[in-house]
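Okay, run15.tsv now, which holds TSV, C-alpha atoms:
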chain	number	residue	atom	x	y	z
Z	257	GLU	CA	-26.68	54.75	-30.48
Z	258	ALA	CA	-26.01	52.13	-33.15
Z	259	GLY	CA	-24.52	48.88	-31.92
Z	260	VAL	CA	-21.72	46.75	-33.26
Z	261	ALA	CA	-22.46	45.61	-36.80
Z	262	GLN	CA	-21.23	42.36	-38.32
Z	263	SER	CA	-21.66	40.71	-41.68
Z	264	PRO	CA	-22.44	38.25	-42.97
Z	265	ARG	CA	-24.64	36.66	-40.33
Z	266	TYR	CA	-24.18	33.17	-41.73
Z	267	LYS	CA	-21.63	31.57	-44.02
Z	268	ILE	CA	-21.24	28.01	-45.27
Z	269	ILE	CA	-18.06	27.05	-47.08
Z	270	GLU	CA	-16.11	23.94	-47.92
Z	271	LYS	CA	-12.81	23.15	-46.27
Z	272	ARG	CA	-9.77	24.76	-47.88
Z	273	GLN	CA	-11.87	27.70	-49.09
Z	274	SER	CA	-11.32	31.20	-47.77
Z	275	VAL	CA	-13.78	33.44	-45.97
Z	276	ALA	CA	-13.84	36.98	-44.61
Z	277	PHE	CA	-15.91	38.61	-41.89
Z	278	TRP	CA	-16.53	42.30	-41.39
Z	279	CYS	CA	-17.12	44.31	-38.23
Z	280	ASN	CA	-18.07	47.94	-37.65
Z	281	PRO	CA	-17.69	48.88	-33.97
Z	282	ILE	CA	-19.65	51.46	-32.03
Z	283	SER	CA	-18.64	54.93	-33.11
Z	284	GLY	CA	-15.75	56.27	-31.06
Z	285	HIS	CA	-14.76	52.93	-29.53
Z	286	ALA	CA	-11.02	52.58	-29.72
Z	287	THR	CA	-10.78	48.92	-28.79
Z	288	LEU	CA	-12.03	46.15	-31.03
Z	289	TYR	CA	-12.02	42.42	-30.30
Z	290	TRP	CA	-12.56	39.32	-32.40
Z	291	TYR	CA	-13.67	36.18	-30.58
Z	292	GLN	CA	-14.23	32.62	-31.68
Z	293	GLN	CA	-17.01	30.73	-29.92
Z	294	ILE	CA	-17.25	27.01	-30.51
Z	295	LEU	CA	-20.55	25.38	-29.63
Z	296	GLY	CA	-20.84	24.82	-25.89
Z	297	GLN	CA	-17.83	26.97	-25.05
Z	298	GLY	CA	-17.29	30.53	-23.92
Z	299	PRO	CA	-15.84	33.00	-26.42
Z	300	LYS	CA	-12.09	32.79	-26.95
Z	301	LEU	CA	-10.22	35.97	-27.82
Z	302	LEU	CA	-8.50	35.79	-31.19
Z	303	ILE	CA	-7.21	39.33	-31.54
Z	304	GLN	CA	-7.55	42.69	-29.82
Z	305	PHE	CA	-6.95	46.05	-31.52
Z	306	GLN	CA	-6.37	49.40	-29.87
Z	307	ASN	CA	-7.15	51.90	-32.64
Z	308	ASN	CA	-5.31	50.31	-35.60
Z	309	GLY	CA	-2.61	48.59	-33.56
Z	310	VAL	CA	-2.64	44.98	-32.37
Z	311	VAL	CA	-2.66	44.63	-28.58
Z	312	ASP	CA	-2.95	40.86	-28.35
Z	313	ASP	CA	-3.02	38.18	-31.03
Z	314	SER	CA	-1.48	35.37	-29.00
Z	315	GLN	CA	-4.39	33.01	-29.67
Z	316	LEU	CA	-4.78	33.78	-33.37
Z	317	PRO	CA	-3.74	30.82	-35.59
Z	318	LYS	CA	-1.55	32.98	-37.75
Z	319	ASP	CA	-0.90	30.30	-40.35
Z	320	ARG	CA	-4.49	30.62	-41.54
Z	321	PHE	CA	-6.13	33.56	-39.76
Z	322	SER	CA	-5.44	37.22	-40.37
Z	323	ALA	CA	-7.12	40.42	-39.23
Z	324	GLU	CA	-6.72	44.08	-39.93
Z	325	ARG	CA	-8.12	47.40	-38.81
Z	326	LEU	CA	-6.43	49.77	-41.20
Z	327	LYS	CA	-8.11	53.06	-40.31
Z	328	GLY	CA	-8.82	52.26	-36.69
Z	329	VAL	CA	-12.54	51.82	-37.32
Z	330	ASP	CA	-13.82	48.82	-39.34
Z	331	SER	CA	-12.10	45.49	-39.13
Z	332	THR	CA	-11.97	42.32	-41.20
Z	333	LEU	CA	-11.08	38.81	-40.10
Z	334	LYS	CA	-10.01	36.32	-42.75
Z	335	ILE	CA	-9.52	32.58	-42.72
Z	336	GLN	CA	-7.51	31.00	-45.53
Z	337	PRO	CA	-7.70	28.06	-45.93
Z	338	ALA	CA	-10.57	27.01	-43.67
Z	339	LYS	CA	-10.59	23.76	-41.74
Z	340	LEU	CA	-13.50	21.78	-40.34
Z	341	GLU	CA	-12.57	22.82	-36.79
Z	342	ASP	CA	-13.03	26.49	-37.72
Z	343	SER	CA	-16.80	25.98	-37.61
Z	344	ALA	CA	-17.90	28.40	-34.91
Z	345	VAL	CA	-19.54	31.73	-34.25
Z	346	TYR	CA	-17.18	34.66	-34.77
Z	347	LEU	CA	-18.03	37.56	-32.50
Z	348	CYS	CA	-16.84	41.12	-32.75
Z	349	ALA	CA	-16.93	43.44	-29.74
Z	350	SER	CA	-15.84	46.98	-29.03
Z	351	SER	CA	-15.19	49.03	-25.95
Z	352	ASP	CA	-14.56	52.61	-24.99
Z	353	ARG	CA	-11.49	52.86	-22.83
Z	354	PRO	CA	-11.74	55.82	-20.50
Z	355	GLY	CA	-9.26	56.06	-17.71
Z	356	GLN	CA	-9.26	53.73	-14.76
Z	357	GLY	CA	-11.78	54.65	-12.12
Z	358	THR	CA	-14.29	55.73	-14.73
Z	359	PRO	CA	-17.60	53.86	-14.51
Z	360	ASN	CA	-17.97	51.05	-17.02
Z	361	TYR	CA	-14.28	51.00	-17.81
Z	362	ASN	CA	-13.60	48.33	-20.43
Z	363	GLU	CA	-17.26	47.31	-20.77
Z	364	GLN	CA	-17.62	45.36	-23.99
Z	365	PHE	CA	-20.47	45.56	-26.46
Z	366	PHE	CA	-20.97	42.66	-28.83
Z	367	GLY	CA	-22.26	42.32	-32.35
Z	368	PRO	CA	-24.70	39.57	-33.40
Z	369	GLY	CA	-21.90	37.31	-34.63
Z	370	THR	CA	-21.24	35.38	-37.82
Z	371	ARG	CA	-22.00	31.68	-37.76
Z	372	LEU	CA	-19.47	29.83	-39.92
Z	373	THR	CA	-20.00	26.26	-41.04
Z	374	VAL	CA	-17.13	24.49	-42.76
Z	375	LEU	CA	-18.13	21.34	-44.64
H	185	LYS	CA	-3.02	32.61	-15.74
H	186	GLN	CA	-6.61	33.68	-15.13
H	187	GLU	CA	-9.17	30.87	-15.19
H	188	VAL	CA	-12.92	31.43	-14.99
H	189	THR	CA	-15.30	28.69	-13.95
H	190	GLN	CA	-19.08	28.75	-14.01
H	191	ILE	CA	-21.21	26.37	-12.02
H	192	PRO	CA	-23.57	24.78	-12.78
H	193	ALA	CA	-23.08	24.15	-16.50
H	194	ALA	CA	-26.83	23.77	-16.95
H	195	LEU	CA	-29.86	24.45	-14.81
H	196	SER	CA	-33.60	23.83	-15.21
H	197	VAL	CA	-36.03	25.38	-12.75
H	198	PRO	CA	-39.77	26.00	-12.68
H	199	GLU	CA	-41.05	29.45	-13.50
H	200	GLY	CA	-41.25	31.83	-10.55
H	201	GLU	CA	-38.29	30.47	-8.62
H	202	ASN	CA	-35.37	32.60	-7.50
H	203	LEU	CA	-32.00	31.25	-8.63
H	204	VAL	CA	-28.28	31.86	-8.31
H	205	LEU	CA	-25.60	31.40	-10.95
H	206	ASN	CA	-21.97	31.20	-9.87
H	207	CYS	CA	-18.74	32.45	-11.39
H	208	SER	CA	-15.30	31.94	-9.87
H	209	PHE	CA	-11.93	33.28	-10.99
H	210	THR	CA	-8.40	32.47	-9.93
H	211	ASP	CA	-6.67	35.87	-10.18
H	212	SER	CA	-8.23	38.63	-8.09
H	213	ALA	CA	-6.33	41.41	-9.93
H	214	ILE	CA	-9.33	42.48	-12.03
H	215	TYR	CA	-10.79	45.80	-13.13
H	216	ASN	CA	-14.35	44.57	-13.15
H	217	LEU	CA	-16.55	41.59	-13.89
H	218	GLN	CA	-19.24	41.52	-16.52
H	219	TRP	CA	-22.27	39.23	-16.85
H	220	PHE	CA	-23.70	38.52	-20.29
H	221	ARG	CA	-26.71	36.77	-21.67
H	222	GLN	CA	-26.57	34.81	-24.92
H	223	ASP	CA	-29.63	33.52	-26.72
H	224	PRO	CA	-29.18	30.57	-29.12
H	225	GLY	CA	-27.50	31.65	-32.33
H	226	LYS	CA	-27.12	35.23	-31.14
H	227	GLY	CA	-24.40	37.51	-29.87
H	228	LEU	CA	-23.84	38.49	-26.27
H	229	THR	CA	-25.96	41.04	-24.44
H	230	SER	CA	-24.40	42.81	-21.48
H	231	LEU	CA	-26.48	42.46	-18.32
H	232	LEU	CA	-24.41	43.92	-15.51
H	233	LEU	CA	-20.89	45.20	-14.98
H	234	ILE	CA	-19.43	45.39	-11.47
H	235	GLN	CA	-16.37	47.51	-10.90
H	236	SER	CA	-13.63	46.07	-8.70
H	237	SER	CA	-14.46	48.64	-6.01
H	238	GLN	CA	-18.12	47.64	-5.90
H	239	ARG	CA	-19.74	44.71	-4.16
H	240	GLU	CA	-22.95	44.50	-6.15
H	241	GLN	CA	-25.01	45.85	-9.01
H	242	THR	CA	-28.73	45.59	-9.62
H	243	SER	CA	-30.83	45.83	-12.76
H	244	GLY	CA	-34.49	44.94	-12.48
H	245	ARG	CA	-34.79	41.34	-11.35
H	246	LEU	CA	-31.05	40.78	-11.64
H	247	ASN	CA	-28.51	41.31	-8.89
H	248	ALA	CA	-24.81	40.58	-9.31
H	249	SER	CA	-22.36	40.46	-6.44
H	250	LEU	CA	-18.57	40.46	-6.43
H	251	ASP	CA	-16.18	39.19	-3.77
H	252	LYS	CA	-12.70	39.82	-5.14
H	253	SER	CA	-10.86	38.36	-2.18
H	254	SER	CA	-12.53	34.98	-2.60
H	255	GLY	CA	-12.59	35.16	-6.41
H	256	ARG	CA	-16.32	34.80	-6.74
H	257	SER	CA	-19.31	36.47	-8.30
H	258	THR	CA	-22.95	35.46	-8.24
H	259	LEU	CA	-25.84	36.43	-10.47
H	260	TYR	CA	-29.16	36.32	-8.69
H	261	ILE	CA	-32.34	36.15	-10.79
H	262	ALA	CA	-35.57	36.83	-8.92
H	263	ALA	CA	-38.95	35.46	-9.94
H	264	SER	CA	-37.64	33.65	-13.01
H	265	GLN	CA	-39.64	33.71	-16.25
H	266	PRO	CA	-39.53	31.52	-19.38
H	267	GLY	CA	-38.00	34.48	-21.23
H	268	ASP	CA	-34.97	34.23	-18.95
H	269	SER	CA	-34.00	30.97	-20.67
H	270	ALA	CA	-30.58	31.54	-22.21
H	271	THR	CA	-26.89	30.96	-21.56
H	272	TYR	CA	-25.34	33.28	-18.98
H	273	LEU	CA	-21.63	34.02	-19.20
H	274	CYS	CA	-19.31	35.90	-16.92
H	275	ALA	CA	-16.18	37.65	-18.19
H	276	VAL	CA	-13.21	38.94	-16.28
H	277	PRO	CA	-10.63	41.37	-17.68
H	278	SER	CA	-7.31	41.09	-15.93
H	279	ASN	CA	-5.64	44.34	-14.90
H	280	ARG	CA	-2.29	42.64	-15.33
H	281	ASP	CA	-2.44	42.15	-19.09
H	282	ASP	CA	-5.86	43.42	-20.21
H	283	LYS	CA	-6.91	39.97	-21.45
H	284	ILE	CA	-10.57	39.20	-21.02
H	285	ILE	CA	-11.39	35.65	-20.04
H	286	PHE	CA	-14.86	34.14	-20.34
H	287	GLY	CA	-16.36	31.26	-18.46
H	288	LYS	CA	-18.08	28.50	-20.44
H	289	GLY	CA	-21.47	29.70	-19.30
H	290	THR	CA	-24.51	28.31	-17.53
H	291	ARG	CA	-27.37	27.16	-19.77
H	292	LEU	CA	-30.55	28.15	-17.99
H	293	HIS	CA	-33.96	26.70	-18.85
H	294	ILE	CA	-37.04	28.06	-17.11
H	295	LEU	CA	-39.92	25.62	-17.23
H	296	PRO	CA	-43.34	27.20	-17.82
Full structure transcribed into structure tokens:
Amino acid sequence: EAGVAQSPRYKIIEKRQSVAFWCNPISGHATLYWYQQILGQGPKLLIQFQNNGVVDDSQLPKDRFSAERLKGVDSTLKIQPAKLEDSAVYLCASSDRPGQGTPNYNEQFFGPGTRLTVL
Amino acid sequence: KQEVTQIPAALSVPEGENLVLNCSFTDSAIYNLQWFRQDPGKGLTSLLLIQSSQREQTSGRLNASLDKSSGRSTLYIAASQPGDSATYLCAVPSNRDDKIIFGKGTRLHILP
């Protein structure tokens, strides 16, 4: 079974530029997550999709970050314009959401991440 | 609001020792608890997932326990090896609002 795919793996940009990240979840997984992980911290959820609908985007800086999952499969996360403090690893994860009581309910599978450096 | 704490933040032990990593959470209304491993510059690899109805899960040299009532989980690593060096994170999804909260992780270094 193919895992979660992300691209690019690395990106270096200057502040005020824009950047986009792409994620392809595991086939059949309805839930997709984008996380931001700053060095030395645990991942912080930016946005959670259930199919193509947004479940939670309370921690997404909406003045500069946007995300979409138009067909309920692939997703893109965009930053425009980037700031120095956006330097981080951006992780995408997906999960299959069977009913409660099913083994491995809500288990998340992560992609390799995209390391963003803003200069 | 769910808060997840991992202690210690960093740990160095000689190869071959058994060790315990700790994870505590403030809200016991959880579906499950998941332990991950993260190598430098890489994504997260799932190690073990414990359902709220379970008390422990085992995979090879790893054993994770869960005590919901006290808000604690431990990850036990037996006979540690240099290849175990990584950051270990625990994550707790709340069954109140489906948000998944991560701890900051424990950076483990196994000395050859």
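Distances from Z:Gly296, Z:Gly259, Z:Pro337, Z:Pro317 to chain H were compared using only C-alpha atoms, and the smallest one belongs to Z:Gly296.
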Counting all atoms listed in the file, which residues of chain H sit at most 6 Å from some atom of chain Z, and what is each one's closest atom pair with its distance in Å to one decimal, listed by chain and rising residue number, as CSV?
residue,atom,partner,partner_atom,distance
H:Lys226,CA,Z:Pro368,CA,5.5
H:Gly227,CA,Z:Pro368,CA,4.1
H:Leu228,CA,Z:Phe366,CA,5.7
H:Phe286,CA,Z:Gly298,CA,5.6
H:Gly287,CA,Z:Gly298,CA,5.6
H:Lys288,CA,Z:Gly298,CA,4.1
Could you please take those selected residues and save C-alpha atoms as a compact mmCIF listing (two decimals), keeping the file's coordinate frame?
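In the end it all went to result_6.txt:
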# COMPACT_ATOMS: atom_id res chain seq x y z
CA LYS H 226 -27.12 35.23 -31.14
CA GLY H 227 -24.40 37.51 -29.87
CA LEU H 228 -23.84 38.49 -26.27
CA PHE H 286 -14.86 34.14 -20.34
CA GLY H 287 -16.36 31.26 -18.46
CA LYS H 288 -18.08 28.50 -20.44
Given only C-alpha atoms as the counted atoms, nearest of Z:Ala338, Z:Leu326, Z:Ile294, Z:Ile303 to Lys271 in chain Z:
Z:Ala338
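For Leu195 in chain H, the non-local neighbours within 8 Å, defined as residues at least 6 positions apart in the same chain or in other chains and counting only C-alpha atoms, are Thr290, Arg291, Leu292 and His293 of chain H.
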Save out the residues we just selected, C-alpha atoms, as a compact mmCIF listing (two decimals), in the coordinates of the input.
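Output file result09.txt is given in full below:
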# COMPACT_ATOMS: atom_id res chain seq x y z
CA THR H 290 -24.51 28.31 -17.53
CA ARG H 291 -27.37 27.16 -19.77
CA LEU H 292 -30.55 28.15 -17.99
CA HIS H 293 -33.96 26.70 -18.85
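Picture a line from CA of Leu375 in chain Z to CA of Ser314 in chain Z; it runs 26.8 Å.
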Who sits within 7 Å of Ser263 in chain Z, all atoms listed in the file, same chain under 5 positions skipped, as a list in words:
Phe277, Trp278, Cys279 and Thr370 of chain Z
Could you give me the axis-aligned bounding box of range 314-329 of chain Z, with 3 Å of padding per side, as centre plus edge lengths in Å to one decimal, as JSON?
{"center_x": -6.7, "center_y": 41.7, "center_z": -35.3, "size_x": 17.6, "size_y": 28.8, "size_z": 18.5}
Which residue out of H:Ala213, H:Leu233, H:Ile294, H:Val197 has the minimum interatomic distance to Leu273 in chain H when all atoms listed in the file are used?
H:Leu233
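Distances here use all atoms listed in the file; by that measure, the residue among H:Lys283, H:Tyr260, H:Ala193, H:Arg221 closest to Glu240 in chain H is H:Tyr260.
The space between CA of Ile282 in chain Z and CA of Val260 in chain Z spans 5.3 Å.
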